[in-house]
Amino acid sequence: MQTQLSTQYNPKEIEDRWYQFWEENGFFHSVPDPSKEPYVIVIPPPNVTGVLHMGHALNNIIQDILIRWRRMQGYNALWMPGTDHAGIATQNVVERELATKRIKREQLGRERFIEEVWKWKNQYGSTIIKQLKKLGSSCDWSRERFTMDDGLSVAVRETFVRLFEQGLIYKGKYMINWCPRCRTALSDDEVEHEEHEGHLWHIKYPFKDAQHLFLVVATTRPETMLGDVAVAVNPKDERYKEMIGEILTLPILGREMPVIADEFVDPSFGTGAVKVTPAHDPNDFEMGKRHNLPSIVIMQENGVMNELAGDYEGLDRFECRDALIEELKLKKYIEMVTPHKHSVGHCYRCHTVIEPYISDQWFVRMRPLADAAIEATQKKSVTFFPERWEKIYLGWLDHVRDWCISRQIWWGHRIPAWYCQDCAAITVVREAPMKCSKCNSTALKQDKDVLDTWFSSALWPFSTMGWPGQTPELQYYYPTSTLVTDRGIIYFWVARMVMMGLEIMRHVPFSHVYIHGTILDEQGRKMSKSLGNGIDPLVMIDQYGADAVRFSIIVLTTEGQDIKLSESRFEMGRNFTNKLWNAARFIIMNLEEEHPQEITLQPPDYQFEDRWILSRSNATIRACTLYLEQFKFNDAAMEVYDFTWHSFCDWYLELVKARLYRPTNQRDKKVAQTILAKVFNQILHLLHPFIPFITEELWQNLKSKVYENKIGIREDLRSESLMCDVWPRTDERYEDKVSEENMVILQDVIRAIRNIRSKMNIKEKQPLDAIISVSGDNECDLNAHSGLLKLMASIDRLEIGKDLAKPAHSACEVIGKIQAFVPLAGIIDPIVEKERQSKHLKQMEDHLLLVRRKLENKNFAAKAPAHIVAMEQNREKELLEQIFKVKLILNDLG
């Protein structure tokens, strides 16, 4: 399947066509094959609510590069796709949609609401999958999974029951993170902390028996004082030793409560005396358990104060704060208020300030699971790239707390636990029970809560392969090979997958974890709707093409570092794909022959430039492969980019034009055609994982011309598609270090002469005379390559010798032990050129004076933004370099 190459590259003409071709021919599909080694990636399942953003684009480009590369290397490559049901996020989306119709989920009831969510999922849930296809993702779409499909639901229930039976899942009343907006518990990792400019209120708590005396406590959350049951001080704090055991009266409510001693109290914070609210603070909750204090819950689940808040019942918690502060001020209980910056937790989904809350929840006992994960990492069963993320991962595992896995929402995997209405026993089983496991009563009710979305995601590497069934896929593809993900879900997902893989499958789920950076705007800020600084990858694909977007992003991806991105960055990828297209058109046109004849190449057939380009191609194959093995994607891409643009297009194509247009004999022309086709074929193979669409189009056209014109590389072009062809391997026969070293010297000489031409404002095509003087020994025989020098530097007469004198009125460039002289007599008017350069020098020196005055101005240095100062410093440096160069030119002009 190939078409004639148009004069200009238009991605829209080829991308959808080739993707359809790959899909229809089943090239993405993989089946277990014991004769081949598997290479497996499971996609980080995007939320079913999601649309493609730049973070998704980066993540999936990297995965596609790895899969296409390994597939070409001969691995049985499987990229397992799917989407996540995203419990809270999806429920919120559907609730908002229902709200536009003035319907609340409570009006519908649980079953009808879940039906609405499934309808929404079936209508909109595939949006991001279609967008991933536009990017070129070569997933095995026939295996697409969803975290709430039937098979994965069985896996979730099986895991829950197993962990419960082993004592790794338990239920208890504990302090948890509560979102009043979503009305659900959140795990510690689902809470995003932000610095807030708040206040520290110093409140006077009177002593019961001496109301004129007070103990002053400091708090950032005065509304929670309505649930206070004690005031705590450090037992070593001399200020309060005599007060321990005394009884205080809670302002406003009048509740009596003791002064207790606890070493947790920091004497340096506030006044050194802290209020104790076990129901609304995690530290106070633990302190309350140590001292057998009651817990008084003063809020409802929606953050509204309840009847235990006295006259503040019915007020929102923040409304209560404002009203309570006013009453405390009025009754003279506020001693002072000071500014205080502190970290405040927010719900990761709706950004509501979370509330510490005592609630009955289900938990996973994490310590034994975390210890196994730590051991696996220390034994290098799991390796992180870049390596620095391993320390962060292990640090989290060292300090992990039990994982709250129950959520008070409707959309998700319902917890497989049933409560007996007669004896209150809990029955945890895989299928709905007929009777109570303890008393045989049939009066059973299932737990209303659902599991945290990340619970099902933690099973993704093996549940997608058919577990708990012992399927051929599970036995062949598990454990998977590589996980590619963002640093933001190392704790949410990576750690939990490792723990579940070890616990359930007795094997880590993957051996390599690549953590990529975050895409930021060009100012280094996160992209967000509120800032309006996002870049839509689909808009960029429409404007520049998927290949240009892929290549531009991957070139910016430096070993897990964050990426500063602007729309202009995609021009680099577009320019490269245009360059590749034009090179292909030149090559394919020059493979045409009226009476094609096949030849077998022999070593004597190769010209110097042939040996050089074959050796450089060999080195590029080696370097690109090594960089991909090391997950250095930008280095791999730049290696092929530099070779293609500079070595191949800028040099080799120019060198062989004469052999194609004015061949000394037909055999040499055929040699040039063969080397052109061979090296370009290797380039297309190396670039295919990065830019699959254009390389497939060009390869199919190259293949057609090679067969039509009997070019001697037909054995290398037998596959139906480039993506199914073989990754290039290095060939020792083509290694020629001498040719590579000689070419470096020749290129330096040619650039020196071109530099003289540019400095002296001499037209590119005007022939020049040149004298090359070599001092000492030179490993490169320049005389042997005089033809190449004359061709590439547009030299008419060339003299090469040892220690030659510099001619009068000539320009000079020095290249190590070599000097290149270009006589200027008759080429330029030295007087006119000297006048022009002198005028240019005066302008730059004046400009330099202004820049230096600005930099020496103390007010400018102190008040100007740092980037403006840096810009002026760079300008000073550039001007000094330009002035130096112009002075050298004036020296050459006498």
# chains A, B, ... in the order shown; residues from 1 in each chain; ligands from 1
>>> select_by_dssp(residues="stretch 128-258 of chain A", states="helix (DSSP H, G or I)", output="VMD selection string")
chain A and resid 128 to 135 141 to 143 150 to 165 188 to 190 222 to 227 241 to 243
>>> write_last_selection(atoms="C-alpha atoms", output="PDB file, in the first residue's frame")
ATOM      1  CA  ILE A 128      -9.843   9.406  25.046  1.00  0.00           C
ATOM      2  CA  ILE A 129      -9.300   6.061  23.267  1.00  0.00           C
ATOM      3  CA  LYS A 130     -10.092   7.705  19.919  1.00  0.00           C
ATOM      4  CA  GLN A 131      -7.697  10.511  20.796  1.00  0.00           C
ATOM      5  CA  LEU A 132      -4.906   8.060  21.679  1.00  0.00           C
ATOM      6  CA  LYS A 133      -5.327   6.534  18.225  1.00  0.00           C
ATOM      7  CA  LYS A 134      -4.816   9.974  16.650  1.00  0.00           C
ATOM      8  CA  LEU A 135      -1.490  10.089  18.476  1.00  0.00           C
ATOM      9  CA  TRP A 141      -7.299  -2.627  21.041  1.00  0.00           C
ATOM     10  CA  SER A 142      -8.901  -6.062  20.770  1.00  0.00           C
ATOM     11  CA  ARG A 143      -7.840  -6.568  24.413  1.00  0.00           C
ATOM     12  CA  ASP A 150     -17.111  -8.324  34.519  1.00  0.00           C
ATOM     13  CA  GLY A 151     -13.688  -9.971  34.575  1.00  0.00           C
ATOM     14  CA  LEU A 152     -12.005  -7.224  36.558  1.00  0.00           C
ATOM     15  CA  SER A 153     -14.932  -7.084  38.983  1.00  0.00           C
ATOM     16  CA  VAL A 154     -14.372 -10.781  39.751  1.00  0.00           C
ATOM     17  CA  ALA A 155     -10.660 -10.049  40.343  1.00  0.00           C
ATOM     18  CA  VAL A 156     -11.512  -7.210  42.751  1.00  0.00           C
ATOM     19  CA  ARG A 157     -13.877  -9.359  44.836  1.00  0.00           C
ATOM     20  CA  GLU A 158     -11.394 -12.244  44.900  1.00  0.00           C
ATOM     21  CA  THR A 159      -8.595  -9.966  46.102  1.00  0.00           C
ATOM     22  CA  PHE A 160     -10.745  -8.320  48.772  1.00  0.00           C
ATOM     23  CA  VAL A 161     -11.868 -11.685  50.184  1.00  0.00           C
ATOM     24  CA  ARG A 162      -8.336 -13.136  50.144  1.00  0.00           C
ATOM     25  CA  LEU A 163      -6.872 -10.139  51.943  1.00  0.00           C
ATOM     26  CA  PHE A 164      -9.715 -10.142  54.457  1.00  0.00           C
ATOM     27  CA  GLU A 165      -9.225 -13.838  55.173  1.00  0.00           C
ATOM     28  CA  ASP A 188      -3.740  10.154  52.658  1.00  0.00           C
ATOM     29  CA  ASP A 189      -2.422  10.152  49.080  1.00  0.00           C
ATOM     30  CA  GLU A 190      -5.672  11.617  47.749  1.00  0.00           C
ATOM     31  CA  PRO A 222     -11.345  27.811  66.161  1.00  0.00           C
ATOM     32  CA  GLU A 223     -14.636  26.234  64.991  1.00  0.00           C
ATOM     33  CA  THR A 224     -13.407  22.805  66.177  1.00  0.00           C
ATOM     34  CA  MET A 225     -13.100  24.050  69.789  1.00  0.00           C
ATOM     35  CA  LEU A 226     -16.796  23.210  70.130  1.00  0.00           C
ATOM     36  CA  GLY A 227     -15.625  19.574  70.181  1.00  0.00           C
ATOM     37  CA  LYS A 241       3.519  21.838  85.536  1.00  0.00           C
ATOM     38  CA  GLU A 242       1.319  23.145  88.352  1.00  0.00           C
ATOM     39  CA  MET A 243      -1.757  23.245  86.087  1.00  0.00           C
TER      40      MET A 243
END
>>> closest_atom_pairs(of="stretch 195-294 of chain A", to="stretch 177-181 of chain A", cutoff="12 Å", atoms="only C-alpha atoms", output="CSV")
residue,atom,partner,partner_atom,distance
A:Ala279,CA,A:Asn177,CA,11.6
A:His280,CA,A:Asn177,CA,9.9
A:Asp281,CA,A:Asn177,CA,9.7
A:Pro282,CA,A:Asn177,CA,9.0
>>> closest_residue(among="A:Asp725, A:Asp311, A:Glu197, A:Glu708", to="A:Leu686", atoms="only C-alpha atoms")
A:Asp725
>>> residues_around(residues="stretch 755-763 of chain A", least_positions_apart="5", cutoff="10 Å", atoms="only C-alpha atoms", output="VMD selection string")
chain A and resid 749 to 750 768 793 810 to 813 820 to 822 824 827 to 828 830 833 to 834 837 885 to 886 888 to 890 892 to 893
>>> residues_around(residues="stretch 203-212 of chain A", least_positions_apart="6", cutoff="6 Å", atoms="only C-alpha atoms", output="short mmCIF file (atom, residue, chain, number, x, y, z; two decimals) with N, CA and C atoms, in the first residue's frame")
data_model
loop_
_atom_site.label_atom_id
_atom_site.label_comp_id
_atom_site.auth_asym_id
_atom_site.auth_seq_id
_atom_site.Cartn_x
_atom_site.Cartn_y
_atom_site.Cartn_z
N ILE A 247 -9.11 21.70 86.15
CA ILE A 247 -10.29 21.65 85.28
C ILE A 247 -10.53 23.03 84.69
N LEU A 248 -10.73 23.04 83.35
CA LEU A 248 -11.04 24.27 82.63
C LEU A 248 -12.50 24.25 82.20
N THR A 249 -12.98 25.43 81.82
CA THR A 249 -14.34 25.55 81.27
C THR A 249 -14.22 25.98 79.81
N TYR A 333 -12.76 36.62 74.99
CA TYR A 333 -12.00 35.38 75.09
C TYR A 333 -10.78 35.37 74.15
N ILE A 334 -10.72 36.29 73.19
CA ILE A 334 -9.59 36.34 72.25
C ILE A 334 -8.50 37.21 72.86
N GLU A 335 -7.34 36.64 73.09
CA GLU A 335 -6.23 37.43 73.62
C GLU A 335 -5.50 38.15 72.51
#
>>> select_by_dssp(residues="stretch 257-453 of chain A", states="strand (DSSP E)", output="mmCIF file with N, CA, C and O atoms, in the first residue's frame")
data_model
loop_
_atom_site.group_PDB
_atom_site.id
_atom_site.type_symbol
_atom_site.label_atom_id
_atom_site.label_comp_id
_atom_site.auth_asym_id
_atom_site.auth_seq_id
_atom_site.Cartn_x
_atom_site.Cartn_y
_atom_site.Cartn_z
ATOM 1 N N MET A 257 -13.440 20.406 81.313
ATOM 2 C CA MET A 257 -12.460 19.493 80.724
ATOM 3 C C MET A 257 -11.115 19.656 81.419
ATOM 4 O O MET A 257 -10.792 20.738 81.930
ATOM 5 N N PRO A 258 -10.308 18.595 81.437
ATOM 6 C CA PRO A 258 -9.063 18.626 82.212
ATOM 7 C C PRO A 258 -7.881 19.195 81.428
ATOM 8 O O PRO A 258 -7.881 19.245 80.199
ATOM 9 N N VAL A 259 -6.848 19.596 82.176
ATOM 10 C CA VAL A 259 -5.534 19.892 81.592
ATOM 11 C C VAL A 259 -4.730 18.602 81.705
ATOM 12 O O VAL A 259 -4.567 18.058 82.816
ATOM 13 N N ILE A 260 -4.262 18.069 80.588
ATOM 14 C CA ILE A 260 -3.521 16.805 80.594
ATOM 15 C C ILE A 260 -2.091 17.035 80.119
ATOM 16 O O ILE A 260 -1.782 18.058 79.497
ATOM 17 N N ALA A 261 -1.225 16.083 80.438
ATOM 18 C CA ALA A 261 0.179 16.162 80.016
ATOM 19 C C ALA A 261 0.441 15.107 78.953
ATOM 20 O O ALA A 261 0.070 13.940 79.128
ATOM 21 N N ALA A 273 0.334 25.380 74.956
ATOM 22 C CA ALA A 273 -0.861 24.658 75.406
ATOM 23 C C ALA A 273 -1.771 24.489 74.200
ATOM 24 O O ALA A 273 -2.013 25.451 73.466
ATOM 25 N N VAL A 274 -2.258 23.256 73.955
ATOM 26 C CA VAL A 274 -3.077 23.002 72.771
ATOM 27 C C VAL A 274 -4.417 22.419 73.167
ATOM 28 O O VAL A 274 -4.517 21.645 74.130
ATOM 29 N N LYS A 275 -5.439 22.793 72.408
ATOM 30 C CA LYS A 275 -6.767 22.220 72.598
ATOM 31 C C LYS A 275 -6.770 20.789 72.059
ATOM 32 O O LYS A 275 -6.075 20.491 71.089
ATOM 33 N N VAL A 276 -7.542 19.913 72.646
ATOM 34 C CA VAL A 276 -7.604 18.510 72.222
ATOM 35 C C VAL A 276 -9.017 18.224 71.725
ATOM 36 O O VAL A 276 -9.984 18.292 72.489
ATOM 37 N N ILE A 334 -10.719 36.291 73.193
ATOM 38 C CA ILE A 334 -9.591 36.343 72.248
ATOM 39 C C ILE A 334 -8.496 37.210 72.860
ATOM 40 O O ILE A 334 -8.706 38.402 73.115
ATOM 41 N N GLU A 335 -7.344 36.635 73.089
ATOM 42 C CA GLU A 335 -6.227 37.426 73.618
ATOM 43 C C GLU A 335 -5.500 38.151 72.507
ATOM 44 O O GLU A 335 -5.167 39.324 72.619
ATOM 45 N N MET A 336 -5.223 37.419 71.390
ATOM 46 C CA MET A 336 -4.603 38.069 70.229
ATOM 47 C C MET A 336 -4.756 37.157 69.015
ATOM 48 O O MET A 336 -5.051 35.961 69.130
ATOM 49 N N VAL A 337 -4.525 37.740 67.833
ATOM 50 C CA VAL A 337 -4.565 37.005 66.560
ATOM 51 C C VAL A 337 -3.291 37.335 65.799
ATOM 52 O O VAL A 337 -2.945 38.517 65.646
ATOM 53 N N THR A 338 -2.583 36.307 65.336
ATOM 54 C CA THR A 338 -1.339 36.537 64.588
ATOM 55 C C THR A 338 -1.419 35.856 63.221
ATOM 56 O O THR A 338 -2.059 34.794 63.090
ATOM 57 N N PRO A 339 -0.787 36.437 62.190
ATOM 58 C CA PRO A 339 -0.744 35.761 60.874
ATOM 59 C C PRO A 339 0.010 34.433 61.008
ATOM 60 O O PRO A 339 0.979 34.329 61.761
ATOM 61 N N HIS A 340 -0.436 33.446 60.260
ATOM 62 C CA HIS A 340 0.200 32.123 60.369
ATOM 63 C C HIS A 340 0.032 31.364 59.046
ATOM 64 O O HIS A 340 -1.095 31.090 58.622
ATOM 65 N N LYS A 341 1.160 31.046 58.393
ATOM 66 C CA LYS A 341 1.118 30.253 57.162
ATOM 67 C C LYS A 341 1.137 28.769 57.544
ATOM 68 O O LYS A 341 1.988 28.341 58.319
ATOM 69 N N HIS A 342 0.195 28.017 57.010
ATOM 70 C CA HIS A 342 0.162 26.583 57.339
ATOM 71 C C HIS A 342 -0.367 25.778 56.157
ATOM 72 O O HIS A 342 -0.976 26.310 55.228
ATOM 73 N N SER A 343 -0.094 24.473 56.199
ATOM 74 C CA SER A 343 -0.471 23.569 55.113
ATOM 75 C C SER A 343 -1.890 23.068 55.331
ATOM 76 O O SER A 343 -2.227 22.589 56.416
ATOM 77 N N VAL A 344 -2.721 23.197 54.292
ATOM 78 C CA VAL A 344 -4.127 22.802 54.387
ATOM 79 C C VAL A 344 -4.414 21.741 53.327
ATOM 80 O O VAL A 344 -4.073 21.906 52.155
ATOM 81 N N GLY A 345 -5.041 20.630 53.740
ATOM 82 C CA GLY A 345 -5.353 19.540 52.822
ATOM 83 C C GLY A 345 -6.605 19.812 52.018
ATOM 84 O O GLY A 345 -7.590 20.367 52.528
ATOM 85 N N HIS A 346 -6.557 19.429 50.722
ATOM 86 C CA HIS A 346 -7.710 19.588 49.823
ATOM 87 C C HIS A 346 -8.006 18.260 49.133
ATOM 88 O O HIS A 346 -7.093 17.467 48.870
ATOM 89 N N CYS A 347 -9.268 18.055 48.798
ATOM 90 C CA CYS A 347 -9.666 16.882 48.022
ATOM 91 C C CYS A 347 -9.018 16.955 46.647
ATOM 92 O O CYS A 347 -9.101 17.986 45.971
ATOM 93 N N GLU A 355 -11.770 17.532 55.801
ATOM 94 C CA GLU A 355 -12.047 17.600 57.245
ATOM 95 C C GLU A 355 -11.577 16.295 57.894
ATOM 96 O O GLU A 355 -11.990 15.218 57.469
ATOM 97 N N PRO A 356 -10.692 16.347 58.882
ATOM 98 C CA PRO A 356 -10.392 15.132 59.644
ATOM 99 C C PRO A 356 -11.680 14.676 60.343
ATOM 100 O O PRO A 356 -12.373 15.483 60.974
ATOM 101 N N TYR A 357 -12.010 13.401 60.227
ATOM 102 C CA TYR A 357 -13.342 12.958 60.649
ATOM 103 C C TYR A 357 -13.262 11.527 61.162
ATOM 104 O O TYR A 357 -12.567 10.686 60.572
ATOM 105 N N ILE A 358 -13.940 11.223 62.257
ATOM 106 C CA ILE A 358 -13.985 9.853 62.763
ATOM 107 C C ILE A 358 -15.117 9.110 62.059
ATOM 108 O O ILE A 358 -16.251 9.593 62.002
ATOM 109 N N SER A 359 -14.749 7.965 61.502
ATOM 110 C CA SER A 359 -15.750 7.242 60.729
ATOM 111 C C SER A 359 -15.413 5.755 60.689
ATOM 112 O O SER A 359 -14.248 5.370 60.782
ATOM 113 N N ASP A 360 -16.460 4.925 60.517
ATOM 114 C CA ASP A 360 -16.265 3.487 60.302
ATOM 115 C C ASP A 360 -15.826 3.278 58.860
ATOM 116 O O ASP A 360 -16.573 3.628 57.933
ATOM 117 N N GLN A 361 -14.640 2.719 58.647
ATOM 118 C CA GLN A 361 -14.110 2.542 57.293
ATOM 119 C C GLN A 361 -13.384 1.205 57.189
ATOM 120 O O GLN A 361 -13.017 0.588 58.194
ATOM 121 N N TRP A 362 -13.163 0.779 55.944
ATOM 122 C CA TRP A 362 -12.365 -0.412 55.652
ATOM 123 C C TRP A 362 -10.936 0.018 55.348
ATOM 124 O O TRP A 362 -10.715 1.016 54.663
ATOM 125 N N PHE A 363 -9.990 -0.767 55.830
ATOM 126 C CA PHE A 363 -8.572 -0.445 55.662
ATOM 127 C C PHE A 363 -7.790 -1.669 55.185
ATOM 128 O O PHE A 363 -8.154 -2.806 55.506
ATOM 129 N N VAL A 364 -6.702 -1.398 54.450
ATOM 130 C CA VAL A 364 -5.716 -2.437 54.140
ATOM 131 C C VAL A 364 -4.541 -2.253 55.092
ATOM 132 O O VAL A 364 -4.023 -1.142 55.243
ATOM 133 N N THR A 383 13.306 -1.893 39.170
ATOM 134 C CA THR A 383 14.329 -0.857 38.997
ATOM 135 C C THR A 383 13.677 0.411 38.464
ATOM 136 O O THR A 383 12.871 0.356 37.530
ATOM 137 N N PHE A 384 14.058 1.544 39.052
ATOM 138 C CA PHE A 384 13.490 2.839 38.647
ATOM 139 C C PHE A 384 14.441 3.576 37.706
ATOM 140 O O PHE A 384 15.652 3.552 37.885
ATOM 141 N N PHE A 385 13.858 4.229 36.722
ATOM 142 C CA PHE A 385 14.586 5.127 35.831
ATOM 143 C C PHE A 385 13.824 6.453 35.791
ATOM 144 O O PHE A 385 12.628 6.434 35.486
ATOM 145 N N TRP A 403 -4.139 1.870 54.598
ATOM 146 C CA TRP A 403 -4.819 2.490 53.460
ATOM 147 C C TRP A 403 -6.329 2.387 53.657
ATOM 148 O O TRP A 403 -6.875 1.288 53.724
ATOM 149 N N CYS A 404 -6.973 3.534 53.731
ATOM 150 C CA CYS A 404 -8.439 3.573 53.821
ATOM 151 C C CYS A 404 -8.992 3.313 52.421
ATOM 152 O O CYS A 404 -8.787 4.115 51.507
ATOM 153 N N SER A 406 -12.398 2.333 51.651
ATOM 154 C CA SER A 406 -13.852 2.475 51.446
ATOM 155 C C SER A 406 -14.184 3.910 51.060
ATOM 156 O O SER A 406 -13.584 4.860 51.557
ATOM 157 N N ARG A 407 -15.157 4.036 50.161
ATOM 158 C CA ARG A 407 -15.598 5.353 49.691
ATOM 159 C C ARG A 407 -17.113 5.416 49.769
ATOM 160 O O ARG A 407 -17.810 4.479 49.351
ATOM 161 N N ALA A 417 -19.175 -7.226 51.429
ATOM 162 C CA ALA A 417 -19.400 -7.523 52.852
ATOM 163 C C ALA A 417 -20.886 -7.340 53.148
ATOM 164 O O ALA A 417 -21.491 -6.357 52.701
ATOM 165 N N TRP A 418 -21.452 -8.304 53.881
ATOM 166 C CA TRP A 418 -22.878 -8.264 54.214
ATOM 167 C C TRP A 418 -23.047 -8.274 55.727
ATOM 168 O O TRP A 418 -22.347 -9.017 56.444
ATOM 169 N N TYR A 419 -23.986 -7.444 56.228
ATOM 170 C CA TYR A 419 -24.209 -7.299 57.663
ATOM 171 C C TYR A 419 -25.495 -8.026 58.063
ATOM 172 O O TYR A 419 -26.552 -7.814 57.442
ATOM 173 N N CYS A 420 -25.390 -8.870 59.063
ATOM 174 C CA CYS A 420 -26.567 -9.589 59.572
ATOM 175 C C CYS A 420 -27.400 -8.626 60.418
ATOM 176 O O CYS A 420 -26.877 -7.993 61.349
ATOM 177 N N ILE A 426 -20.469 -9.810 60.334
ATOM 178 C CA ILE A 426 -20.108 -9.395 58.978
ATOM 179 C C ILE A 426 -19.682 -10.636 58.198
ATOM 180 O O ILE A 426 -18.819 -11.401 58.640
ATOM 181 N N THR A 427 -20.305 -10.834 57.038
ATOM 182 C CA THR A 427 -19.943 -11.953 56.163
ATOM 183 C C THR A 427 -19.257 -11.387 54.926
ATOM 184 O O THR A 427 -19.840 -10.577 54.204
ATOM 185 N N VAL A 428 -18.006 -11.785 54.705
ATOM 186 C CA VAL A 428 -17.243 -11.327 53.543
ATOM 187 C C VAL A 428 -17.024 -12.521 52.627
ATOM 188 O O VAL A 428 -16.342 -13.490 52.985
ATOM 189 N N LEU A 444 -29.908 -10.085 55.596
ATOM 190 C CA LEU A 444 -28.569 -9.546 55.304
ATOM 191 C C LEU A 444 -28.665 -8.287 54.466
ATOM 192 O O LEU A 444 -29.531 -8.176 53.597
ATOM 193 N N LYS A 445 -27.773 -7.352 54.730
ATOM 194 C CA LYS A 445 -27.675 -6.130 53.913
ATOM 195 C C LYS A 445 -26.226 -5.913 53.500
ATOM 196 O O LYS A 445 -25.328 -5.987 54.359
ATOM 197 N N GLN A 446 -26.024 -5.620 52.216
ATOM 198 C CA GLN A 446 -24.648 -5.413 51.744
ATOM 199 C C GLN A 446 -24.152 -4.030 52.157
ATOM 200 O O GLN A 446 -24.920 -3.066 52.254
ATOM 201 N N VAL A 450 -18.282 1.731 48.384
ATOM 202 C CA VAL A 450 -17.530 1.125 47.278
ATOM 203 C C VAL A 450 -16.044 1.243 47.582
ATOM 204 O O VAL A 450 -15.631 1.985 48.486
ATOM 205 N N LEU A 451 -15.250 0.526 46.822
ATOM 206 C CA LEU A 451 -13.806 0.542 47.028
ATOM 207 C C LEU A 451 -13.162 1.729 46.339
ATOM 208 O O LEU A 451 -13.619 2.177 45.271
#
>>> residues_around(residues="stretch 511-514 of chain A", least_positions_apart="6", cutoff="12 Å", atoms="only C-alpha atoms", output="NGL selection string")
:A and (39-42 or 44 or 59 or 62-63 or 66 or 376-377 or 379-390 or 393 or 478-487 or 489-490 or 493-495 or 497-498 or 501 or 559-561 or 628-633)
>>> closest_residue(among="A:Leu626, A:Ala546, A:Leu702, A:Ile535", to="A:Asn590", atoms="only C-alpha atoms")
A:Leu702
>>> residues_around(residues="A:Glu111", least_positions_apart="4", cutoff="9 Å", atoms="only C-alpha atoms", output="PyMOL selection string")
chain A and resi 115-116+410
>>> write_last_selection(atoms="all heavy atoms", output="PDB file, in the first residue's frame")
ATOM      1  N   GLU A 115     -27.250   3.197  36.606  1.00  0.00           N
ATOM      2  CA  GLU A 115     -27.653   3.037  35.199  1.00  0.00           C
ATOM      3  C   GLU A 115     -27.300   4.284  34.394  1.00  0.00           C
ATOM      4  O   GLU A 115     -26.834   4.198  33.250  1.00  0.00           O
ATOM      5  CB  GLU A 115     -29.158   2.775  35.104  1.00  0.00           C
ATOM      6  CG  GLU A 115     -29.580   1.377  35.527  1.00  0.00           C
ATOM      7  CD  GLU A 115     -31.096   1.213  35.517  1.00  0.00           C
ATOM      8  OE1 GLU A 115     -31.790   2.075  34.915  1.00  0.00           O
ATOM      9  OE2 GLU A 115     -31.594   0.241  36.129  1.00  0.00           O
ATOM     10  N   GLU A 116     -27.519   5.465  34.993  1.00  0.00           N
ATOM     11  CA  GLU A 116     -27.184   6.722  34.311  1.00  0.00           C
ATOM     12  C   GLU A 116     -25.678   6.845  34.072  1.00  0.00           C
ATOM     13  O   GLU A 116     -25.248   7.330  33.027  1.00  0.00           O
ATOM     14  CB  GLU A 116     -27.673   7.922  35.145  1.00  0.00           C
ATOM     15  CG  GLU A 116     -29.165   8.107  35.178  1.00  0.00           C
ATOM     16  CD  GLU A 116     -29.761   8.408  33.804  1.00  0.00           C
ATOM     17  OE1 GLU A 116     -29.148   9.200  33.054  1.00  0.00           O
ATOM     18  OE2 GLU A 116     -30.808   7.828  33.476  1.00  0.00           O
ATOM     19  N   TRP A 410     -21.509   5.909  45.119  1.00  0.00           N
ATOM     20  CA  TRP A 410     -22.272   4.806  44.533  1.00  0.00           C
ATOM     21  C   TRP A 410     -21.574   4.149  43.353  1.00  0.00           C
ATOM     22  O   TRP A 410     -21.791   2.982  43.082  1.00  0.00           O
ATOM     23  CB  TRP A 410     -23.650   5.309  44.102  1.00  0.00           C
ATOM     24  CG  TRP A 410     -24.554   5.628  45.247  1.00  0.00           C
ATOM     25  CD1 TRP A 410     -24.341   5.331  46.563  1.00  0.00           C
ATOM     26  CD2 TRP A 410     -25.819   6.292  45.179  1.00  0.00           C
ATOM     27  NE1 TRP A 410     -25.386   5.764  47.326  1.00  0.00           N
ATOM     28  CE2 TRP A 410     -26.323   6.367  46.510  1.00  0.00           C
ATOM     29  CE3 TRP A 410     -26.577   6.834  44.155  1.00  0.00           C
ATOM     30  CZ2 TRP A 410     -27.539   6.956  46.803  1.00  0.00           C
ATOM     31  CZ3 TRP A 410     -27.795   7.424  44.429  1.00  0.00           C
ATOM     32  CH2 TRP A 410     -28.280   7.489  45.755  1.00  0.00           C
TER      33      TRP A 410
END
>>> closest_residue(among="A:Asp84, A:Glu654, A:Asp140, A:Glu23", to="A:Asp64", atoms="only C-alpha atoms")
A:Asp140
